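As structure tokens, the structure follows; a few thoughts come after it.
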Amino acid sequence: MNIEQEISLQIDRAITELYGENPTTAKLEKTNKDFTGNYTFVVFPLLRISKKKPEETAAEIGEKLIQIGHPVVAYNVVKGFLNLSVSDTLWQNLLHKNWNNPGYGIQHNTANRVMVEYSSPNTNKPLHLGHIRNNLLGYSIAEIMKAGGYEVIKANLINDRGIHICKSMLAWQLFGNGETPESSGTKGDHLVGKYYVAFDKAYKAEIDEMVAGGMDKEEAEKSAPLLLQTQEMLRQWEAGDPDVIELWKTMNGWVYKGFNHTYNRLGVDFDKFYYESNTYTLGKDIVSEGLEKGVFYRKDDGSVWIDLTAEGLDHKLVLRKDGTSVYITQDIGTADEKFREFGTEKSIYVVGNEQDYHFKVLFLIMQKLGRKYASGMYHLSYGMVDLPSGKMKSREGTVVDADDLLDEMHDTAKAKTLELGKTEGMADAELDTLYEKLGLAALKFFILKVDPKKRMLFNPEESIDFQGDTGPFVLYTYARIQSMLKQAGNDWQTPSGESPTLLPAERDALECLYAFPEAVSMACRDYNPAVIAHYSLDLAKSFNRLYNELSFLKETDPAKRAARLQIAAFTANTLHNACRLLGIETVDRM
RNA sequence: GACCCCAUAGCUCAGCUGGAUAGAGCAACUGCCUUCUAAGCAGUAGGUCGUUGGUUCGAGUCCAACUGGGGUCGCCA
């Protein structure tokens, strides 16, 4: 039981004793900075049963708590607000128990399994900033679920087939002259992306030409030779034409090599890969099952639908009239497949908010089909990353390329570090690692600190900050503590005698540390890494205030020195754990 | 047209699910490095929480309508 729960229980009992009844269970809030106290209980709702003024009601309850004596040691009343101060012993115990607990805030693994599906790229173009947001969110939420006690399976469903893949294949055949990543020194995914763009350009040229020849634009878009050739290629692929399959394997291989490089650099990984080329026929059996159960219905032309008008949605196609799958058919099939293989009780899909409708429908369908795991399905929907000029479009080349951005972050970190000149004596390789970590921290924090569901603006003209509420700020606080602890010897680790009285700044820091497990469970409950990002800022700030106000190494009283250094170590460890949940690596020097 | 999401300081964002005088960072301005890392700390200034109603002891938070921005309603994925 934590402090809040204990006090709430005491309040509940006090209310019943005082007024003979108690309509609700007490909810505590954290006391505002401007008032003294740790927790606040609002008594306004009780006035009906207390039949007394707010101040009197609050005071009566406060007195009861003081009589009990633990953990509340003092109270004050402002209007209807009962502010409670808890005993320092609580904070001292927290410090004593956890200052060197590496697993602080991290729950033990249970048997509950959750799958986090994220990244899920197309294999026809390199990754851009939008994918970065997806990857960082997915990785972070997976780490957060782990910290919440789940066993996590990270999955990547790769969209490796379809008409868009054939476009880059065809363009490469037509214009590529046998170019390979090796022959041109181009990263594989970028090379394929180049031909995807080339296709679009040539296709548009064809359309323009046809329109100039007098054809209707819509007609031209449908009958342009390039498009027909692509469709033919897709048919050949589906028929297993050896040449087409060979080309497809080769070009996808290039892309995977490129993706792996970027994934490694971003520090994201996966336990399970699904390939759409394997899954795109899944789900048909379930459509039959749904037809039998009466969940779906068949139209005269043979296509299969579900009626979701009762749920305020529309009719949705689940199988084409020619019997082939659509997107949602595959997702229906894959959902079952995932559950069959892993028995996951939760399944999180990290996918952009333009697919909100799709997932609403998918989850409804699984429910109607009677899948018990359906209630554990969650769409972690996130907003687009826009540029000042508007949306990023791969086909038109108006994207912030992931690899370019990572390079830029590295360079900025380097420039900033050299400017500050605090890294004498570090080897070149070590420095390079530092720049990379700092750049990544800045980028990851920049993206993860904003609420996933909000769309965000990225201005390539302005570099991502390294000062203020940023990743480097958090790392800086960590590094500062490491530097201090290195100089501190080790007598502080085993102090003798009683714990010294806490000073306000120390108490603040400990209160902040106390809040970490709560932040983890909130992030877990809301599927929101931003909670952890903001927590880590709060913690870093509380420590920096303490650092500025009091001495650590220079403190002459051994007991005080020890307690303070333990707070420092506790803070560093907690910052480290918080960073880990965000996929950010800490550094000992910067 | 229908439905979904968003709107808080000049900019980027918090606001713990209805509580006290709405908080940070950036940018601007003041201070603080012969002492533990100044990527820091302290301070000044900056607000009709998109608008209008409603619900109640109490609304940035809940409800309704409206305005503005984005998205979705494909036998694309």
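We name chains A, B, ... following the order of the structure tokens; residues begin at 1 in each chain, and ligands are numbered from 1 as shown.
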Closest contacts (chain A/chain B, max 7 Å, only C-alpha atoms (C1' of nucleotides)) as a Markdown table:
```
| residue | atom | partner | partner_atom | distance |
| --- | --- | --- | --- | --- |
| A:Phe44 | CA | B:C57 | C1' | 6.8 |
| A:Arg320 | CA | B:C75 | C1' | 5.1 |
| A:Tyr327 | CA | B:A77 | C1' | 6.3 |
| A:Glu354 | CA | B:G71 | C1' | 5.7 |
| A:Tyr357 | CA | B:U72 | C1' | 6.4 |
| A:Val450 | CA | B:C13 | C1' | 6.7 |
| A:Lys454 | CA | B:C6 | C1' | 6.7 |
| A:Phe466 | CA | B:A39 | C1' | 6.4 |
| A:Gln467 | CA | B:A39 | C1' | 5.7 |
| A:Gly468 | CA | B:G25 | C1' | 5.2 |
| A:Asp469 | CA | B:G25 | C1' | 5.1 |
| A:Pro472 | CA | B:A39 | C1' | 6.4 |
| A:Phe473 | CA | B:A39 | C1' | 6.0 |
| A:Tyr476 | CA | B:A39 | C1' | 6.3 |
| A:Arg480 | CA | B:U37 | C1' | 5.4 |
| A:Met484 | CA | B:C36 | C1' | 5.9 |
| A:Arg545 | CA | B:C41 | C1' | 6.5 |
| A:Asn548 | CA | B:C41 | C1' | 5.9 |
| A:Ser551 | CA | B:C36 | C1' | 7.0 |
| A:Phe552 | CA | B:C36 | C1' | 6.3 |
| A:Leu553 | CA | B:C36 | C1' | 5.5 |
```
- [ ] Please provide the set of residues having any atom within 12 Å of A:Ile332, restricted to only C-alpha atoms (C1' of nucleotides), with same-chain residues fewer than 2 positions apart removed, written as a ChimeraX atom specification.
- [x] /A:279-287,289-290,318-319,325-330,334-339,358-359,361-369,371,374,377
Take the residues from that selection and put them in a file with N, CA, C and O atoms, as a short mmCIF file (atom, residue, chain, number, x, y, z; two decimals), in the first residue's frame.
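Now in again.cif:
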```cif
data_model
loop_
_atom_site.label_atom_id
_atom_site.label_comp_id
_atom_site.auth_asym_id
_atom_site.auth_seq_id
_atom_site.Cartn_x
_atom_site.Cartn_y
_atom_site.Cartn_z
N THR A 279 1.18 -12.92 -45.33
CA THR A 279 -0.08 -12.78 -44.60
C THR A 279 -1.24 -12.30 -45.46
O THR A 279 -2.37 -12.28 -45.00
N TYR A 280 -0.96 -11.91 -46.73
CA TYR A 280 -2.02 -11.23 -47.46
C TYR A 280 -3.16 -12.14 -47.89
O TYR A 280 -4.20 -11.66 -48.31
N THR A 281 -2.96 -13.44 -47.72
CA THR A 281 -4.07 -14.35 -48.04
C THR A 281 -4.79 -14.79 -46.77
O THR A 281 -5.80 -15.48 -46.84
N LEU A 282 -4.26 -14.39 -45.61
CA LEU A 282 -4.88 -14.79 -44.35
C LEU A 282 -6.24 -14.10 -44.20
O LEU A 282 -6.49 -13.06 -44.78
N GLY A 283 -7.06 -14.69 -43.39
CA GLY A 283 -8.31 -14.02 -43.05
C GLY A 283 -9.50 -14.53 -43.83
O GLY A 283 -10.64 -14.29 -43.44
N LYS A 284 -9.24 -15.22 -44.92
CA LYS A 284 -10.37 -15.68 -45.73
C LYS A 284 -11.21 -16.72 -44.99
O LYS A 284 -12.44 -16.71 -45.08
N ASP A 285 -10.52 -17.60 -44.26
CA ASP A 285 -11.25 -18.61 -43.49
C ASP A 285 -12.16 -17.95 -42.46
O ASP A 285 -13.27 -18.41 -42.21
N ILE A 286 -11.62 -16.87 -41.89
CA ILE A 286 -12.39 -16.20 -40.85
C ILE A 286 -13.60 -15.50 -41.47
O ILE A 286 -14.65 -15.39 -40.85
N VAL A 287 -13.44 -15.07 -42.73
CA VAL A 287 -14.60 -14.49 -43.41
C VAL A 287 -15.69 -15.54 -43.56
O VAL A 287 -16.87 -15.28 -43.30
N GLU A 289 -16.09 -18.12 -41.64
CA GLU A 289 -16.62 -18.31 -40.28
C GLU A 289 -17.64 -17.23 -39.94
O GLU A 289 -18.70 -17.53 -39.40
N GLY A 290 -17.28 -15.99 -40.31
CA GLY A 290 -18.16 -14.86 -40.02
C GLY A 290 -19.47 -14.96 -40.78
O GLY A 290 -20.53 -14.55 -40.29
N VAL A 318 -15.24 -6.78 -46.64
CA VAL A 318 -14.19 -7.61 -46.04
C VAL A 318 -13.61 -8.63 -47.03
O VAL A 318 -12.57 -9.23 -46.76
N LEU A 319 -14.29 -8.81 -48.17
CA LEU A 319 -13.75 -9.71 -49.19
C LEU A 319 -14.27 -9.26 -50.56
O LEU A 319 -15.46 -9.01 -50.71
N SER A 325 -8.46 -10.87 -50.88
CA SER A 325 -8.48 -10.12 -49.63
C SER A 325 -8.35 -8.63 -49.85
O SER A 325 -7.74 -8.19 -50.82
N VAL A 326 -8.87 -7.88 -48.92
CA VAL A 326 -8.53 -6.46 -48.84
C VAL A 326 -7.69 -6.28 -47.57
O VAL A 326 -7.46 -7.22 -46.82
N TYR A 327 -7.28 -5.03 -47.35
CA TYR A 327 -6.42 -4.70 -46.21
C TYR A 327 -6.98 -5.28 -44.90
O TYR A 327 -6.26 -5.91 -44.14
N ILE A 328 -8.28 -5.05 -44.69
CA ILE A 328 -8.81 -5.44 -43.39
C ILE A 328 -8.92 -6.97 -43.26
O ILE A 328 -8.82 -7.49 -42.15
N THR A 329 -9.09 -7.66 -44.38
CA THR A 329 -9.13 -9.13 -44.32
C THR A 329 -7.81 -9.64 -43.76
O THR A 329 -7.76 -10.53 -42.91
N GLN A 330 -6.73 -9.07 -44.26
CA GLN A 330 -5.41 -9.47 -43.79
C GLN A 330 -5.24 -9.20 -42.30
O GLN A 330 -4.69 -10.02 -41.57
N THR A 334 -4.35 -11.76 -39.47
CA THR A 334 -3.11 -11.60 -38.70
C THR A 334 -3.40 -11.53 -37.20
O THR A 334 -2.62 -12.03 -36.39
N ALA A 335 -4.52 -10.93 -36.85
CA ALA A 335 -4.89 -10.84 -35.43
C ALA A 335 -5.01 -12.23 -34.83
O ALA A 335 -4.46 -12.50 -33.76
N ASP A 336 -5.69 -13.10 -35.53
CA ASP A 336 -5.83 -14.48 -35.05
C ASP A 336 -4.48 -15.18 -34.99
O ASP A 336 -4.17 -15.89 -34.04
N GLU A 337 -3.71 -14.96 -36.03
CA GLU A 337 -2.38 -15.56 -36.13
C GLU A 337 -1.51 -15.16 -34.94
O GLU A 337 -0.85 -15.99 -34.32
N LYS A 338 -1.52 -13.87 -34.64
CA LYS A 338 -0.74 -13.37 -33.51
C LYS A 338 -1.16 -14.04 -32.22
O LYS A 338 -0.33 -14.46 -31.42
N PHE A 339 -2.47 -14.11 -32.03
CA PHE A 339 -2.97 -14.68 -30.79
C PHE A 339 -2.63 -16.15 -30.70
O PHE A 339 -2.26 -16.66 -29.64
N HIS A 358 -10.11 2.60 -39.68
CA HIS A 358 -9.76 1.21 -39.97
C HIS A 358 -9.70 0.36 -38.71
O HIS A 358 -10.24 -0.74 -38.66
N PHE A 359 -9.03 0.88 -37.68
CA PHE A 359 -8.87 0.08 -36.48
C PHE A 359 -10.14 0.00 -35.64
O PHE A 359 -10.40 -1.01 -35.00
N VAL A 361 -13.01 -0.23 -36.93
CA VAL A 361 -13.75 -1.29 -37.61
C VAL A 361 -13.15 -2.65 -37.29
O VAL A 361 -13.86 -3.60 -36.96
N LEU A 362 -11.84 -2.74 -37.37
CA LEU A 362 -11.16 -4.02 -37.11
C LEU A 362 -11.51 -4.57 -35.73
O LEU A 362 -11.87 -5.73 -35.57
N PHE A 363 -11.41 -3.70 -34.71
CA PHE A 363 -11.65 -4.15 -33.35
C PHE A 363 -13.10 -4.58 -33.17
O PHE A 363 -13.40 -5.56 -32.49
N LEU A 364 -14.00 -3.84 -33.82
CA LEU A 364 -15.42 -4.19 -33.75
C LEU A 364 -15.67 -5.56 -34.37
O LEU A 364 -16.41 -6.39 -33.83
N ILE A 365 -15.04 -5.78 -35.50
CA ILE A 365 -15.21 -7.06 -36.19
C ILE A 365 -14.74 -8.21 -35.31
O ILE A 365 -15.42 -9.22 -35.15
N MET A 366 -13.56 -8.04 -34.70
CA MET A 366 -13.02 -9.12 -33.87
C MET A 366 -13.94 -9.38 -32.68
O MET A 366 -14.11 -10.53 -32.26
N GLN A 367 -14.53 -8.32 -32.17
CA GLN A 367 -15.48 -8.48 -31.06
C GLN A 367 -16.70 -9.26 -31.50
O GLN A 367 -17.13 -10.19 -30.83
N LYS A 368 -17.22 -8.85 -32.66
CA LYS A 368 -18.43 -9.51 -33.16
C LYS A 368 -18.18 -10.96 -33.51
O LYS A 368 -19.09 -11.78 -33.48
N LEU A 369 -16.94 -11.25 -33.87
CA LEU A 369 -16.59 -12.63 -34.17
C LEU A 369 -16.40 -13.43 -32.89
O LEU A 369 -16.11 -14.62 -32.94
N ARG A 371 -14.02 -12.99 -30.57
CA ARG A 371 -12.65 -13.21 -30.13
C ARG A 371 -12.46 -12.58 -28.76
O ARG A 371 -12.65 -11.37 -28.60
N ALA A 374 -10.18 -9.57 -28.25
CA ALA A 374 -10.53 -8.29 -28.89
C ALA A 374 -10.52 -7.12 -27.91
O ALA A 374 -10.16 -6.01 -28.27
N MET A 377 -7.26 -5.20 -27.62
CA MET A 377 -6.64 -4.58 -28.79
C MET A 377 -6.69 -3.06 -28.64
O MET A 377 -7.69 -2.50 -28.23
#
```
Open item on the list: Show me, as a ChimeraX atom specification, the residues that have an atom within 7 Å of A:Asn353 when counting only C-alpha atoms (C1' of nucleotides), minus same-chain residues fewer than 2 positions from it.
Closed with: /A:351,355-356,381-383
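Going from atom CA of A:Thr477 over to atom CA of A:Asp526, you cover 27.2 Å.
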Using DSSP on the backbone, list every residue of stretch 278-382 of chain A that comes out as strand (DSSP E), and give them as a JSON list (two decimals) with C-alpha atoms, in the first residue's frame.
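Output contents, as saved in states02.json:
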```
[["chain", "number", "residue", "atom", "x", "y", "z"],
["A", 297, "TYR", "CA", -23.27, -10.98, -45.32],
["A", 298, "ARG", "CA", -22.73, -11.68, -49.00],
["A", 304, "VAL", "CA", -18.66, -9.98, -48.51],
["A", 305, "TRP", "CA", -19.54, -7.12, -46.13],
["A", 306, "ILE", "CA", -20.25, -6.28, -42.55],
["A", 307, "ASP", "CA", -23.01, -3.92, -41.49],
["A", 315, "HIS", "CA", -20.97, -0.98, -44.29],
["A", 316, "LYS", "CA", -17.46, -2.28, -44.79],
["A", 317, "LEU", "CA", -16.13, -4.65, -47.41],
["A", 318, "VAL", "CA", -14.19, -7.61, -46.04],
["A", 319, "LEU", "CA", -13.75, -9.71, -49.19],
["A", 346, "LYS", "CA", -3.07, -7.17, -25.21],
["A", 347, "SER", "CA", -2.18, -6.15, -28.72],
["A", 348, "ILE", "CA", -1.04, -2.62, -29.43],
["A", 349, "TYR", "CA", -0.95, -1.27, -32.97],
["A", 350, "VAL", "CA", 1.27, 1.76, -33.39],
["A", 351, "VAL", "CA", -0.18, 3.32, -36.51],
["A", 352, "GLY", "CA", -0.88, 6.88, -37.67],
["A", 377, "MET", "CA", -6.64, -4.58, -28.79],
["A", 378, "TYR", "CA", -5.52, -0.98, -28.79],
["A", 379, "HIS", "CA", -4.68, 1.43, -31.55],
["A", 380, "LEU", "CA", -1.88, 3.74, -30.44],
["A", 381, "SER", "CA", -2.84, 6.45, -32.85],
["A", 382, "TYR", "CA", -0.39, 9.25, -33.39]]
```
Task: Residues near B:C29, cut-off 12 Å, only C-alpha atoms (C1' of nucleotides), skip fewer than 2 positions along chain, as a list of chain:residue names - done: B:A27, B:G31, B:G43, B:U44, B:A45, B:G46
Based on the selection just made, write all heavy atoms of those residues as a short mmCIF file (atom, residue, chain, number, x, y, z; two decimals), in the first residue's frame.
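Just written: result_23.cif:
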```
data_model
loop_
_atom_site.label_atom_id
_atom_site.label_comp_id
_atom_site.auth_asym_id
_atom_site.auth_seq_id
_atom_site.Cartn_x
_atom_site.Cartn_y
_atom_site.Cartn_z
P A B 27 17.02 30.60 -26.23
OP1 A B 27 18.31 30.47 -26.91
OP2 A B 27 16.97 30.78 -24.75
"O5'" A B 27 16.18 31.79 -26.89
"C5'" A B 27 16.07 31.87 -28.31
"C4'" A B 27 15.08 32.96 -28.67
"O4'" A B 27 13.74 32.55 -28.27
"C3'" A B 27 15.28 34.28 -27.94
"O3'" A B 27 16.30 35.07 -28.51
"C2'" A B 27 13.89 34.90 -28.08
"O2'" A B 27 13.67 35.38 -29.39
"C1'" A B 27 13.01 33.67 -27.83
N9 A B 27 12.74 33.53 -26.40
C8 A B 27 13.40 32.75 -25.48
N7 A B 27 12.93 32.87 -24.25
C5 A B 27 11.90 33.79 -24.38
C6 A B 27 11.01 34.34 -23.45
N6 A B 27 11.02 34.03 -22.15
N1 A B 27 10.10 35.23 -23.89
C2 A B 27 10.10 35.55 -25.19
N3 A B 27 10.89 35.10 -26.18
C4 A B 27 11.77 34.21 -25.70
P G B 31 22.94 42.38 -15.39
OP1 G B 31 23.90 43.49 -15.48
OP2 G B 31 23.11 41.17 -16.23
"O5'" G B 31 22.82 41.94 -13.87
"C5'" G B 31 23.71 40.98 -13.37
"C4'" G B 31 23.14 40.33 -12.14
"O4'" G B 31 21.81 39.82 -12.41
"C3'" G B 31 23.92 39.10 -11.72
"O3'" G B 31 25.05 39.47 -10.94
"C2'" G B 31 22.89 38.27 -10.98
"O2'" G B 31 22.66 38.77 -9.68
"C1'" G B 31 21.66 38.52 -11.86
N9 G B 31 21.59 37.56 -12.97
C8 G B 31 21.66 37.85 -14.32
N7 G B 31 21.57 36.79 -15.07
C5 G B 31 21.46 35.74 -14.18
C6 G B 31 21.33 34.35 -14.43
O6 G B 31 21.30 33.76 -15.50
N1 G B 31 21.25 33.62 -13.22
C2 G B 31 21.27 34.18 -11.97
N2 G B 31 21.18 33.32 -10.96
N3 G B 31 21.38 35.47 -11.74
C4 G B 31 21.47 36.18 -12.88
P G B 43 12.91 31.94 -8.52
OP1 G B 43 12.03 32.10 -7.34
OP2 G B 43 12.61 30.89 -9.51
"O5'" G B 43 13.02 33.33 -9.31
"C5'" G B 43 12.87 34.54 -8.60
"C4'" G B 43 13.32 35.72 -9.42
"O4'" G B 43 14.46 35.40 -10.23
"C3'" G B 43 12.34 36.28 -10.44
"O3'" G B 43 11.27 37.00 -9.86
"C2'" G B 43 13.28 37.20 -11.23
"O2'" G B 43 13.56 38.38 -10.51
"C1'" G B 43 14.55 36.34 -11.29
N9 G B 43 14.65 35.65 -12.58
C8 G B 43 14.58 34.30 -12.84
N7 G B 43 14.72 34.02 -14.11
C5 G B 43 14.87 35.25 -14.73
C6 G B 43 15.06 35.59 -16.09
O6 G B 43 15.12 34.83 -17.07
N1 G B 43 15.18 36.96 -16.28
C2 G B 43 15.12 37.89 -15.27
N2 G B 43 15.26 39.15 -15.64
N3 G B 43 14.96 37.58 -14.00
C4 G B 43 14.84 36.27 -13.80
P U B 44 9.87 37.09 -10.60
OP1 U B 44 8.90 37.64 -9.62
OP2 U B 44 9.61 35.80 -11.27
"O5'" U B 44 10.14 38.19 -11.71
"C5'" U B 44 10.49 39.53 -11.36
"C4'" U B 44 10.66 40.37 -12.59
"O4'" U B 44 11.79 39.89 -13.35
"C3'" U B 44 9.51 40.30 -13.59
"O3'" U B 44 8.44 41.16 -13.22
"C2'" U B 44 10.18 40.73 -14.88
"O2'" U B 44 10.35 42.13 -14.94
"C1'" U B 44 11.55 40.07 -14.74
N1 U B 44 11.61 38.76 -15.41
C2 U B 44 11.78 38.75 -16.79
O2 U B 44 11.85 39.76 -17.45
N3 U B 44 11.83 37.50 -17.36
C4 U B 44 11.75 36.29 -16.71
O4 U B 44 11.83 35.25 -17.36
C5 U B 44 11.58 36.39 -15.29
C6 U B 44 11.53 37.59 -14.70
P A B 45 6.94 40.72 -13.52
OP1 A B 45 6.05 41.73 -12.90
OP2 A B 45 6.79 39.30 -13.16
"O5'" A B 45 6.84 40.85 -15.10
"C5'" A B 45 6.96 42.12 -15.74
"C4'" A B 45 7.11 41.94 -17.22
"O4'" A B 45 8.30 41.16 -17.49
"C3'" A B 45 5.99 41.14 -17.88
"O3'" A B 45 4.86 41.94 -18.18
"C2'" A B 45 6.68 40.60 -19.13
"O2'" A B 45 6.77 41.57 -20.14
"C1'" A B 45 8.09 40.31 -18.59
N9 A B 45 8.22 38.91 -18.15
C8 A B 45 8.16 38.42 -16.87
N7 A B 45 8.32 37.12 -16.79
C5 A B 45 8.49 36.74 -18.12
C6 A B 45 8.71 35.49 -18.71
N6 A B 45 8.79 34.35 -18.02
N1 A B 45 8.84 35.45 -20.05
C2 A B 45 8.75 36.59 -20.74
N3 A B 45 8.56 37.83 -20.30
C4 A B 45 8.43 37.83 -18.96
P G B 46 3.40 41.36 -17.94
OP1 G B 46 2.45 42.47 -18.11
OP2 G B 46 3.40 40.58 -16.68
"O5'" G B 46 3.21 40.35 -19.15
"C5'" G B 46 3.09 40.85 -20.50
"C4'" G B 46 3.34 39.73 -21.47
"O4'" G B 46 4.58 39.08 -21.15
"C3'" G B 46 2.32 38.60 -21.44
"O3'" G B 46 1.18 38.90 -22.23
"C2'" G B 46 3.11 37.43 -22.02
"O2'" G B 46 3.16 37.48 -23.42
"C1'" G B 46 4.50 37.70 -21.46
N9 G B 46 4.75 36.92 -20.25
C8 G B 46 4.59 37.30 -18.94
N7 G B 46 4.90 36.37 -18.07
C5 G B 46 5.29 35.30 -18.87
C6 G B 46 5.72 34.00 -18.50
O6 G B 46 5.87 33.53 -17.37
N1 G B 46 6.01 33.22 -19.63
C2 G B 46 5.89 33.64 -20.92
N2 G B 46 6.20 32.76 -21.86
N3 G B 46 5.49 34.85 -21.27
C4 G B 46 5.20 35.61 -20.20
#
```
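Using only C-alpha atoms for every distance, the candidate list A:Val255, A:Leu510, A:Met409, A:Ile481 yields A:Val255 as the residue closest to A:Pro181.
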Just the residues within 10 Å of A:Leu47, please, counting only C-alpha atoms (C1' of nucleotides), with nothing from its chain fewer than 3 positions along; format it as a short mmCIF file (atom, residue, chain, number, x, y, z; two decimals) with all heavy atoms, in the first residue's frame.
```
data_model
loop_
_atom_site.label_atom_id
_atom_site.label_comp_id
_atom_site.auth_asym_id
_atom_site.auth_seq_id
_atom_site.Cartn_x
_atom_site.Cartn_y
_atom_site.Cartn_z
N VAL A 43 -12.74 19.09 0.92
CA VAL A 43 -13.89 18.67 1.74
C VAL A 43 -15.24 19.18 1.24
O VAL A 43 -16.27 18.81 1.78
CB VAL A 43 -13.73 19.11 3.22
CG1 VAL A 43 -12.47 18.51 3.81
CG2 VAL A 43 -13.70 20.63 3.34
N PHE A 44 -15.23 20.03 0.22
CA PHE A 44 -16.51 20.60 -0.25
C PHE A 44 -17.62 19.57 -0.42
O PHE A 44 -18.75 19.80 0.02
CB PHE A 44 -16.31 21.37 -1.57
CG PHE A 44 -15.56 22.65 -1.38
CD1 PHE A 44 -14.31 22.82 -1.93
CD2 PHE A 44 -16.10 23.69 -0.65
CE1 PHE A 44 -13.61 24.00 -1.76
CE2 PHE A 44 -15.41 24.88 -0.47
CZ PHE A 44 -14.15 25.04 -1.04
N SER A 50 -21.65 16.77 6.75
CA SER A 50 -21.05 17.30 7.97
C SER A 50 -21.91 18.42 8.54
O SER A 50 -21.90 18.67 9.74
CB SER A 50 -19.64 17.84 7.69
OG SER A 50 -19.69 19.12 7.10
N LYS A 51 -22.65 19.09 7.68
CA LYS A 51 -23.50 20.21 8.07
C LYS A 51 -22.72 21.28 8.84
O LYS A 51 -23.19 21.87 9.79
CB LYS A 51 -24.70 19.72 8.91
CG LYS A 51 -25.54 18.70 8.15
CD LYS A 51 -26.87 18.45 8.81
CE LYS A 51 -27.79 17.63 7.93
NZ LYS A 51 -27.26 16.26 7.64
N LYS A 52 -21.47 21.45 8.44
CA LYS A 52 -20.62 22.46 9.07
C LYS A 52 -19.91 23.26 8.00
O LYS A 52 -19.91 22.88 6.81
CB LYS A 52 -19.60 21.78 9.98
CG LYS A 52 -20.22 21.25 11.25
CD LYS A 52 -19.20 20.54 12.10
CE LYS A 52 -19.90 19.97 13.34
NZ LYS A 52 -19.20 18.84 13.91
N LYS A 53 -19.27 24.33 8.41
CA LYS A 53 -18.51 25.12 7.46
C LYS A 53 -17.33 24.30 6.92
O LYS A 53 -16.82 23.42 7.61
CB LYS A 53 -17.98 26.38 8.14
CG LYS A 53 -19.06 27.39 8.45
CD LYS A 53 -18.44 28.60 9.13
CE LYS A 53 -19.53 29.59 9.55
NZ LYS A 53 -19.02 30.53 10.55
N PRO A 54 -16.88 24.63 5.72
CA PRO A 54 -15.75 23.90 5.13
C PRO A 54 -14.55 23.86 6.07
O PRO A 54 -13.97 22.78 6.29
CB PRO A 54 -15.41 24.72 3.88
CG PRO A 54 -16.61 25.53 3.58
CD PRO A 54 -17.41 25.66 4.82
N GLU A 56 -14.35 24.11 9.33
CA GLU A 56 -14.55 23.25 10.50
C GLU A 56 -14.47 21.78 10.10
O GLU A 56 -13.85 20.96 10.79
CB GLU A 56 -15.92 23.51 11.14
CG GLU A 56 -16.01 24.85 11.86
CD GLU A 56 -17.43 25.14 12.33
OE1 GLU A 56 -18.09 24.19 12.83
OE2 GLU A 56 -17.89 26.28 12.17
N THR A 57 -15.12 21.47 8.99
CA THR A 57 -15.11 20.08 8.52
C THR A 57 -13.67 19.61 8.29
O THR A 57 -13.28 18.53 8.75
CB THR A 57 -15.90 19.98 7.20
OG1 THR A 57 -17.15 20.63 7.37
CG2 THR A 57 -16.12 18.54 6.81
N ALA A 58 -12.91 20.44 7.60
CA ALA A 58 -11.53 20.07 7.29
C ALA A 58 -10.72 19.89 8.57
O ALA A 58 -9.96 18.93 8.71
CB ALA A 58 -10.88 21.14 6.41
N GLY A 80 -11.80 25.21 1.93
CA GLY A 80 -12.22 23.81 2.03
C GLY A 80 -11.12 22.82 1.73
O GLY A 80 -11.38 21.66 1.44
P C B 57 -24.35 22.61 -6.17
OP1 C B 57 -24.22 21.75 -4.99
OP2 C B 57 -25.65 23.24 -6.49
"O5'" C B 57 -23.26 23.77 -6.07
"C5'" C B 57 -23.56 25.01 -5.41
"C4'" C B 57 -22.28 25.64 -4.94
"O4'" C B 57 -21.64 24.77 -3.97
"C3'" C B 57 -21.23 25.81 -6.02
"O3'" C B 57 -21.42 27.00 -6.76
"C2'" C B 57 -19.93 25.84 -5.22
"O2'" C B 57 -19.73 27.11 -4.63
"C1'" C B 57 -20.24 24.82 -4.11
N1 C B 57 -19.74 23.47 -4.44
C2 C B 57 -18.36 23.21 -4.37
O2 C B 57 -17.62 24.14 -4.05
N3 C B 57 -17.90 21.99 -4.66
C4 C B 57 -18.75 21.02 -5.00
N4 C B 57 -18.25 19.82 -5.28
C5 C B 57 -20.16 21.24 -5.08
C6 C B 57 -20.62 22.47 -4.79
#
```
TODO: List every residue of stretch 339-583 of chain A that DSSP, applied to the backbone of this structure, assigns to alpha helix (DSSP H), and report them as a PyMOL selection string.
DONE: chain A and resi 339-342+356-368+402-420+428-448+471-486+504-514+516-526+529-549+558-581
